[in-house]
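> Enclosed is the structure file run-v3.pdb (PDB, C-alpha atoms, pLDDT in the B column).
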MODEL        1
ATOM      1  CA  MET T   8      43.881  73.371  55.987  1.00 70.00           C
ATOM      2  CA  TYR T   9      45.409  71.304  53.241  1.00 70.00           C
ATOM      3  CA  THR T  10      45.600  72.222  49.606  1.00 63.00           C
ATOM      4  CA  VAL T  11      45.893  69.610  46.910  1.00 59.00           C
ATOM      5  CA  LYS T  12      47.055  70.732  43.499  1.00 63.00           C
ATOM      6  CA  ILE T  13      46.586  68.409  40.575  1.00 65.00           C
ATOM      7  CA  ASP T  14      49.184  69.079  37.951  1.00 67.00           C
ATOM      8  CA  ASP T  15      48.237  66.364  35.521  1.00 68.00           C
ATOM      9  CA  ASP T  16      47.445  67.079  31.873  1.00 72.00           C
ATOM     10  CA  VAL T  17      44.958  64.201  31.585  1.00 71.00           C
ATOM     11  CA  VAL T  18      42.978  65.319  34.651  1.00 67.00           C
ATOM     12  CA  GLN T  19      43.140  68.987  33.626  1.00 71.00           C
ATOM     13  CA  THR T  20      41.914  68.108  30.132  1.00 71.00           C
ATOM     14  CA  ALA T  21      39.049  66.009  31.533  1.00 69.00           C
ATOM     15  CA  LEU T  22      38.001  68.803  33.910  1.00 67.00           C
ATOM     16  CA  ARG T  23      38.126  71.363  31.080  1.00 72.00           C
ATOM     17  CA  ARG T  24      35.948  69.098  28.855  1.00 70.00           C
ATOM     18  CA  LEU T  25      33.458  68.700  31.705  1.00 69.00           C
ATOM     19  CA  SER T  26      33.323  72.428  32.304  1.00 70.00           C
ATOM     20  CA  GLU T  27      32.885  73.277  28.617  1.00 75.00           C
ATOM     21  CA  GLY T  28      30.407  70.473  28.005  1.00 73.00           C
ATOM     22  CA  MET T  29      28.184  71.487  30.895  1.00 77.00           C
ATOM     23  CA  ASP T  30      27.646  74.922  29.306  1.00 83.00           C
ATOM     24  CA  ASP T  31      25.516  73.389  26.531  1.00 88.00           C
ATOM     25  CA  LEU T  32      23.367  70.398  27.448  1.00 90.00           C
ATOM     26  CA  THR T  33      21.394  70.378  24.181  1.00 92.00           C
ATOM     27  CA  ALA T  34      22.608  66.907  23.166  1.00 91.00           C
ATOM     28  CA  PRO T  35      21.593  65.063  26.366  1.00 92.00           C
ATOM     29  CA  MET T  36      18.397  67.136  26.619  1.00 93.00           C
ATOM     30  CA  ASN T  37      17.537  66.080  23.069  1.00 95.00           C
ATOM     31  CA  GLN T  38      18.160  62.422  23.977  1.00 95.00           C
ATOM     32  CA  ILE T  39      15.965  62.786  27.041  1.00 95.00           C
ATOM     33  CA  GLY T  40      13.266  64.433  24.917  1.00 96.00           C
ATOM     34  CA  PHE T  41      13.230  61.562  22.415  1.00 97.00           C
ATOM     35  CA  ALA T  42      12.941  59.085  25.302  1.00 97.00           C
ATOM     36  CA  LEU T  43      10.083  61.018  26.950  1.00 96.00           C
ATOM     37  CA  VAL T  44       8.174  61.256  23.667  1.00 97.00           C
ATOM     38  CA  ALA T  45       8.554  57.505  23.126  1.00 97.00           C
ATOM     39  CA  SER T  46       7.430  56.673  26.661  1.00 97.00           C
ATOM     40  CA  SER T  47       4.441  59.059  26.423  1.00 96.00           C
ATOM     41  CA  LYS T  48       3.311  57.394  23.193  1.00 96.00           C
ATOM     42  CA  SER T  49       3.818  53.962  24.721  1.00 96.00           C
ATOM     43  CA  ARG T  50       1.771  54.895  27.784  1.00 95.00           C
ATOM     44  CA  ILE T  51      -1.121  55.975  25.538  1.00 94.00           C
ATOM     45  CA  ASP T  52      -0.986  52.528  23.912  1.00 92.00           C
ATOM     46  CA  GLN T  53      -1.046  50.964  27.376  1.00 94.00           C
ATOM     47  CA  GLY T  54      -3.732  53.345  28.677  1.00 93.00           C
ATOM     48  CA  LEU T  55      -1.567  54.456  31.618  1.00 95.00           C
ATOM     49  CA  SER T  56      -0.677  57.765  33.233  1.00 96.00           C
ATOM     50  CA  PRO T  57       2.968  58.477  34.133  1.00 96.00           C
ATOM     51  CA  ASP T  58       2.253  57.359  37.708  1.00 96.00           C
ATOM     52  CA  GLY T  59       1.028  53.989  36.403  1.00 95.00           C
ATOM     53  CA  THR T  60      -2.695  54.494  37.000  1.00 96.00           C
ATOM     54  CA  PRO T  61      -5.030  53.467  34.168  1.00 96.00           C
ATOM     55  CA  PHE T  62      -6.797  56.176  32.182  1.00 94.00           C
ATOM     56  CA  ALA T  63     -10.429  56.716  33.140  1.00 92.00           C
ATOM     57  CA  PRO T  64     -12.557  54.705  30.706  1.00 91.00           C
ATOM     58  CA  ARG T  65     -14.847  56.392  28.207  1.00 88.00           C
ATOM     59  CA  SER T  66     -18.240  57.070  29.707  1.00 85.00           C
ATOM     60  CA  PRO T  67     -21.361  55.315  28.412  1.00 85.00           C
ATOM     61  CA  ALA T  68     -22.584  58.729  27.172  1.00 80.00           C
ATOM     62  CA  THR T  69     -19.408  59.197  25.154  1.00 82.00           C
ATOM     63  CA  LEU T  70     -19.673  55.712  23.671  1.00 85.00           C
ATOM     64  CA  LYS T  71     -23.315  56.400  22.774  1.00 85.00           C
ATOM     65  CA  ALA T  72     -22.336  59.696  21.120  1.00 82.00           C
ATOM     66  CA  TYR T  73     -19.657  57.886  19.081  1.00 85.00           C
ATOM     67  CA  GLU T  74     -22.164  55.270  18.031  1.00 88.00           C
ATOM     68  CA  LYS T  75     -24.664  57.940  16.981  1.00 87.00           C
ATOM     69  CA  ARG T  76     -21.995  59.658  14.861  1.00 86.00           C
ATOM     70  CA  LYS T  77     -20.762  56.293  13.552  1.00 90.00           C
ATOM     71  CA  VAL T  78     -17.298  56.965  14.997  1.00 87.00           C
ATOM     72  CA  VAL T  79     -15.160  53.924  15.728  1.00 84.00           C
ATOM     73  CA  PRO T  80     -12.270  54.630  18.154  1.00 81.00           C
ATOM     74  CA  LYS T  81      -8.875  53.163  17.207  1.00 77.00           C
ATOM     75  CA  GLY T  82      -8.279  51.999  20.760  1.00 79.00           C
ATOM     76  CA  GLY T  83      -8.746  52.982  24.381  1.00 83.00           C
ATOM     77  CA  PRO T  84      -9.073  56.474  25.819  1.00 86.00           C
ATOM     78  CA  LEU T  85      -6.914  59.078  24.041  1.00 86.00           C
ATOM     79  CA  LYS T  86      -6.878  56.972  20.866  1.00 84.00           C
ATOM     80  CA  LEU T  87     -10.037  58.096  19.072  1.00 84.00           C
ATOM     81  CA  THR T  88      -8.157  59.075  15.911  1.00 82.00           C
ATOM     82  CA  GLY T  89      -4.532  58.623  16.995  1.00 84.00           C
ATOM     83  CA  GLU T  90      -3.857  62.322  16.331  1.00 87.00           C
ATOM     84  CA  MET T  91      -2.938  63.241  19.886  1.00 86.00           C
ATOM     85  CA  GLN T  92      -0.393  60.446  20.112  1.00 91.00           C
ATOM     86  CA  GLN T  93       1.075  61.369  16.721  1.00 93.00           C
ATOM     87  CA  GLU T  94       1.360  65.037  17.720  1.00 94.00           C
ATOM     88  CA  ILE T  95       3.575  64.456  20.780  1.00 96.00           C
ATOM     89  CA  PHE T  96       6.893  66.247  20.294  1.00 96.00           C
ATOM     90  CA  HIS T  97       9.844  67.580  22.238  1.00 97.00           C
ATOM     91  CA  GLU T  98      12.009  70.663  22.089  1.00 97.00           C
ATOM     92  CA  ALA T  99      15.483  70.753  23.621  1.00 96.00           C
ATOM     93  CA  GLY T 100      17.838  73.606  24.407  1.00 94.00           C
ATOM     94  CA  THR T 101      21.049  74.300  26.249  1.00 92.00           C
ATOM     95  CA  ASP T 102      19.455  73.747  29.654  1.00 90.00           C
ATOM     96  CA  PHE T 103      15.921  72.404  29.096  1.00 93.00           C
ATOM     97  CA  VAL T 104      13.693  69.861  27.410  1.00 94.00           C
ATOM     98  CA  GLU T 105       9.956  70.292  26.905  1.00 95.00           C
ATOM     99  CA  VAL T 106       7.496  67.617  25.836  1.00 96.00           C
ATOM    100  CA  GLY T 107       3.988  68.402  24.603  1.00 94.00           C
ATOM    101  CA  SER T 108       1.293  67.705  22.059  1.00 93.00           C
ATOM    102  CA  ASN T 109      -0.011  70.074  19.401  1.00 91.00           C
ATOM    103  CA  ALA T 110      -3.349  68.251  19.246  1.00 91.00           C
ATOM    104  CA  ILE T 111      -6.168  70.641  20.118  1.00 87.00           C
ATOM    105  CA  GLN T 112      -7.678  68.299  22.721  1.00 88.00           C
ATOM    106  CA  SER T 113      -4.411  67.512  24.515  1.00 91.00           C
ATOM    107  CA  ALA T 114      -4.753  70.075  27.338  1.00 91.00           C
ATOM    108  CA  VAL T 115      -8.283  68.904  28.173  1.00 90.00           C
ATOM    109  CA  MET T 116      -7.184  65.272  28.119  1.00 91.00           C
ATOM    110  CA  GLN T 117      -4.152  66.030  30.313  1.00 93.00           C
ATOM    111  CA  MET T 118      -6.025  68.116  32.908  1.00 92.00           C
ATOM    112  CA  GLY T 119      -9.709  67.289  32.404  1.00 90.00           C
ATOM    113  CA  ALA T 120     -12.575  69.775  32.097  1.00 89.00           C
ATOM    114  CA  GLU T 121     -15.978  70.276  33.675  1.00 89.00           C
ATOM    115  CA  GLN T 122     -19.122  70.445  31.556  1.00 86.00           C
ATOM    116  CA  GLY T 123     -19.518  73.974  30.192  1.00 83.00           C
ATOM    117  CA  ALA T 124     -15.963  75.023  31.152  1.00 86.00           C
ATOM    118  CA  PHE T 125     -15.529  76.615  27.717  1.00 84.00           C
ATOM    119  CA  GLY T 126     -18.978  78.136  27.416  1.00 86.00           C
ATOM    120  CA  ALA T 127     -21.856  77.075  25.211  1.00 85.00           C
ATOM    121  CA  PHE T 128     -23.299  77.592  21.766  1.00 83.00           C
ATOM    122  CA  ILE T 129     -26.821  77.683  20.417  1.00 83.00           C
ATOM    123  CA  GLY T 130     -27.772  74.936  18.039  1.00 80.00           C
ATOM    124  CA  LYS T 131     -31.034  73.621  16.720  1.00 80.00           C
ATOM    125  CA  ASP T 132     -32.784  70.580  18.123  1.00 76.00           C
ATOM    126  CA  LYS T 133     -34.640  68.052  15.926  1.00 79.00           C
ATOM    127  CA  LEU T 134     -37.673  70.321  15.790  1.00 81.00           C
ATOM    128  CA  GLY T 135     -35.656  73.370  14.725  1.00 80.00           C
ATOM    129  CA  ARG T 136     -35.830  75.052  18.118  1.00 82.00           C
ATOM    130  CA  ASP T 137     -32.812  76.824  19.629  1.00 81.00           C
ATOM    131  CA  HIS T 138     -30.967  74.624  22.069  1.00 79.00           C
ATOM    132  CA  PHE T 139     -27.943  75.428  24.241  1.00 78.00           C
ATOM    133  CA  HIS T 140     -25.000  73.031  23.989  1.00 81.00           C
ATOM    134  CA  SER T 141     -22.320  73.127  26.683  1.00 83.00           C
ATOM    135  CA  ILE T 142     -18.663  72.961  25.703  1.00 81.00           C
ATOM    136  CA  PRO T 143     -17.644  70.348  26.612  1.00 81.00           C
ATOM    137  CA  TRP T 144     -21.041  68.669  26.647  1.00 77.00           C
ATOM    138  CA  GLY T 145     -20.110  66.589  29.716  1.00 81.00           C
ATOM    139  CA  ASN T 146     -17.418  66.282  32.377  1.00 86.00           C
ATOM    140  CA  ILE T 147     -14.118  65.015  30.993  1.00 88.00           C
ATOM    141  CA  PRO T 148     -11.853  63.320  33.535  1.00 91.00           C
ATOM    142  CA  ALA T 149      -8.134  64.099  33.505  1.00 93.00           C
ATOM    143  CA  ARG T 150      -6.118  61.447  31.736  1.00 93.00           C
ATOM    144  CA  PRO T 151      -2.515  62.623  32.175  1.00 95.00           C
ATOM    145  CA  PHE T 152      -0.409  61.234  29.363  1.00 94.00           C
ATOM    146  CA  LEU T 153       2.550  63.613  29.626  1.00 95.00           C
ATOM    147  CA  GLY T 154       4.905  63.485  32.578  1.00 94.00           C
ATOM    148  CA  VAL T 155       7.835  61.568  34.002  1.00 95.00           C
ATOM    149  CA  SER T 156       7.386  57.978  35.149  1.00 95.00           C
ATOM    150  CA  GLU T 157       9.751  56.017  37.383  1.00 95.00           C
ATOM    151  CA  ASP T 158      11.175  54.327  34.265  1.00 96.00           C
ATOM    152  CA  ASP T 159      11.656  57.776  32.691  1.00 96.00           C
ATOM    153  CA  ARG T 160      13.579  58.916  35.774  1.00 95.00           C
ATOM    154  CA  SER T 161      15.962  55.982  35.344  1.00 95.00           C
ATOM    155  CA  VAL T 162      16.423  56.751  31.651  1.00 96.00           C
ATOM    156  CA  ILE T 163      17.119  60.413  32.440  1.00 95.00           C
ATOM    157  CA  GLN T 164      19.634  59.494  35.130  1.00 94.00           C
ATOM    158  CA  ASP T 165      21.384  56.986  32.843  1.00 94.00           C
ATOM    159  CA  THR T 166      21.481  59.518  29.996  1.00 94.00           C
ATOM    160  CA  VAL T 167      23.060  62.160  32.223  1.00 91.00           C
ATOM    161  CA  GLU T 168      25.604  59.710  33.658  1.00 90.00           C
ATOM    162  CA  VAL T 169      26.641  58.494  30.188  1.00 92.00           C
ATOM    163  CA  TRP T 170      26.863  62.094  28.948  1.00 90.00           C
ATOM    164  CA  ILE T 171      29.085  63.175  31.841  1.00 87.00           C
ATOM    165  CA  ALA T 172      31.296  60.105  31.454  1.00 88.00           C
ATOM    166  CA  SER T 173      31.678  60.780  27.728  1.00 87.00           C
ATOM    167  CA  LEU T 174      32.682  64.387  28.454  1.00 82.00           C
ATOM    168  CA  ALA T 175      35.248  63.302  31.013  1.00 76.00           C
ATOM    169  CA  ASP T 176      36.852  60.690  28.788  1.00 76.00           C
ATOM    170  CA  GLY T 177      36.587  62.716  25.577  1.00 70.00           C
ATOM    171  CA  THR T 178      34.257  60.349  23.677  1.00 71.00           C
ATOM    172  CA  ASP T 179      31.454  62.875  23.207  1.00 62.00           C
TER     173      ASP T 179
ENDMDL
END
Translate the structure of the given file into structure tokens.

Amino acid sequence: MYTVKIDDDVVQTALRRLSEGMDDLTAPMNQIGFALVASSKSRIDQGLSPDGTPFAPRSPATLKAYEKRKVVPKGGPLKLTGEMQQEIFHEAGTDFVEVGSNAIQSAVMQMGAEQGAFGAFIGKDKLGRDHFHSIPWGNIPARPFLGVSEDDRSVIQDTVEVWIASLADGTD
């Protein structure tokens, strides 16, 4: 077995910076979080899931319900009011980044929901009779808007590579 000892101040300093820098990844995680938020918002504008598939269109029943309530969507699916897109945020820490949306409907939009999944309530029909209303009133298809696309993977890899290089050469 051979042993190689590096007795070089520059190399030792670079290795020490790498070791210390890898203990707290908040800065690159924060960068990654900003990038994932931007790409999630962009995908909503494009009507695409992270895997590149288009969002399921609004159903004719949904469009009819909007018309009845005189609601005019701002764009395609997930853009009724723009709130969900505006509420996308990230949180970064020493070894993680999380991306989410505080909008109340975000979980249902991300994962979908079957009619009645959240119970029902009693309302009155036009004649004043009790009427059960399912929550949601119809099936809602999943329209994943959060996640990591192939482009996101490249951005994450580039961010990590630049971060490591900056630690090694002391430009962080």
> Rounded to one decimal, what separation in Å do you get between CA of Arg150 in chain T and CA of Leu55 in chain T?
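Between CA of Arg150 in chain T and CA of Leu55 in chain T the gap works out to 8.3 Å.
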> Name the residues that the PyMOL selection byres ((chain T and resi 124) around 10) picks from the file above, as JSON, numbers by chain, using the file's chain letters and numbers.
{"T": [120, 121, 122, 123, 125, 126, 127, 141, 142, 143, 144, 145, 146]}
> Write out the residues from the selection above, keeping C-alpha atoms, as a PDB file, keeping the file's coordinate frame.

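Output file again-v8.pdb is given in full below:
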ATOM      1  CA  ALA T 120     -12.575  69.775  32.097  1.00 89.00           C
ATOM      2  CA  GLU T 121     -15.978  70.276  33.675  1.00 89.00           C
ATOM      3  CA  GLN T 122     -19.122  70.445  31.556  1.00 86.00           C
ATOM      4  CA  GLY T 123     -19.518  73.974  30.192  1.00 83.00           C
ATOM      5  CA  PHE T 125     -15.529  76.615  27.717  1.00 84.00           C
ATOM      6  CA  GLY T 126     -18.978  78.136  27.416  1.00 86.00           C
ATOM      7  CA  ALA T 127     -21.856  77.075  25.211  1.00 85.00           C
ATOM      8  CA  SER T 141     -22.320  73.127  26.683  1.00 83.00           C
ATOM      9  CA  ILE T 142     -18.663  72.961  25.703  1.00 81.00           C
ATOM     10  CA  PRO T 143     -17.644  70.348  26.612  1.00 81.00           C
ATOM     11  CA  TRP T 144     -21.041  68.669  26.647  1.00 77.00           C
ATOM     12  CA  GLY T 145     -20.110  66.589  29.716  1.00 81.00           C
ATOM     13  CA  ASN T 146     -17.418  66.282  32.377  1.00 86.00           C
TER      14      ASN T 146
END
> Could you list the residues chosen by the PyMOL selection byres ((chain T and resi 66) around 10) in this structure as a PyMOL selection string?
chain T and resi 63-65+67-72+84+145-148
> Check which residues satisfy the PyMOL selection byres ((chain T and resi 40) around 9) in the file shown, then give them as a PDB file with C-alpha atoms, in the frame of the given file.

ATOM      1  CA  PRO T  35      21.593  65.063  26.366  1.00 92.00           C
ATOM      2  CA  MET T  36      18.397  67.136  26.619  1.00 93.00           C
ATOM      3  CA  ASN T  37      17.537  66.080  23.069  1.00 95.00           C
ATOM      4  CA  GLN T  38      18.160  62.422  23.977  1.00 95.00           C
ATOM      5  CA  ILE T  39      15.965  62.786  27.041  1.00 95.00           C
ATOM      6  CA  PHE T  41      13.230  61.562  22.415  1.00 97.00           C
ATOM      7  CA  ALA T  42      12.941  59.085  25.302  1.00 97.00           C
ATOM      8  CA  LEU T  43      10.083  61.018  26.950  1.00 96.00           C
ATOM      9  CA  VAL T  44       8.174  61.256  23.667  1.00 97.00           C
ATOM     10  CA  ALA T  45       8.554  57.505  23.126  1.00 97.00           C
ATOM     11  CA  PHE T  96       6.893  66.247  20.294  1.00 96.00           C
ATOM     12  CA  HIS T  97       9.844  67.580  22.238  1.00 97.00           C
ATOM     13  CA  GLU T  98      12.009  70.663  22.089  1.00 97.00           C
ATOM     14  CA  ALA T  99      15.483  70.753  23.621  1.00 96.00           C
ATOM     15  CA  VAL T 104      13.693  69.861  27.410  1.00 94.00           C
ATOM     16  CA  GLU T 105       9.956  70.292  26.905  1.00 95.00           C
ATOM     17  CA  VAL T 106       7.496  67.617  25.836  1.00 96.00           C
TER      18      VAL T 106
END
> Emit as AutoDock Vina command-line options the padded axis-aligned box for all listed atoms of range 21-35 of chain T, 5 Å per side, with centre and edge lengths in Å to one decimal.

--center_x 30.2 --center_y 70.0 --center_z 28.5 --size_x 27.7 --size_y 19.9 --size_z 20.7
> Report the distance between CA of Gly154 in chain T and CA of Ser173 in chain T in Å, rounded to one decimal place.
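CA of Gly154 in chain T sits 27.3 Å away from CA of Ser173 in chain T.
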> If you count all atoms listed in the file, which residues fall within 12 Å of Leu87 in chain T, apart from same-chain ones fewer than 2 positions away, as a PyMOL selection string?
chain T and resi 51-52+65+69-70+73+78-85+89-93+112+116
> Could you jot down the CA of Arg160 in chain T to CA of Pro57 in chain T separation for me, Å, one decimal place?
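Value for the CA of Arg160 in chain T-CA of Pro57 in chain T distance: 10.7 Å.
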> Which is closer to Ser46 in chain T than all the others in T:Asp159, T:Asp137, T:Asp31, T:Asp132, using all atoms listed in the file?
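Going through T:Asp159, T:Asp137, T:Asp31, T:Asp132 one by one, the smallest distance to Ser46 in chain T is for T:Asp159.
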> Could you give me, as a list in words, the residues within 12 Å of Val169 in chain T, counting only C-alpha atoms and dropping anything in the same chain fewer than 4 positions from it?
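What passes the distance filter is Ala34, Pro35, Gln38, Ile39, Val162, Ile163, Gln164, Asp165, Ser173, Leu174, Ala175, Asp176, Gly177, Thr178 and Asp179 of chain T.
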> Using all atoms listed in the file for the distances, tell me which of T:Lys75, T:Pro151, T:Glu27, T:Thr60 is nearest to Gln117 in chain T.
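Using all atoms listed in the file, Gln117 in chain T sits closest to T:Pro151.
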> Could you tell me which of T:Phe128, T:Phe103, T:Tyr9, T:Trp170 comes closest to Thr33 in chain T if we count all atoms listed in the file?
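Closest candidate: T:Phe103.
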> Which residue out of T:Ser108, T:Thr166, T:Ser156, T:Thr101 has the minimum interatomic distance to Leu32 in chain T when all atoms listed in the file are used?
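For Leu32 in chain T, the nearest of the given residues is T:Thr101.
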> Using all atoms listed in the file, pick whichever of T:Ala114, T:Ile171, T:Met29, T:Leu153 has the shortest atom-to-atom distance to Ile95 in chain T.
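Answer, going by the shortest atom-to-atom distance: T:Leu153.
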> Pick the closest to Gly100 in chain T from T:Gly119, T:Asp30, T:Arg136, T:Ser47: which is it, counting only C-alpha atoms?
T:Asp30
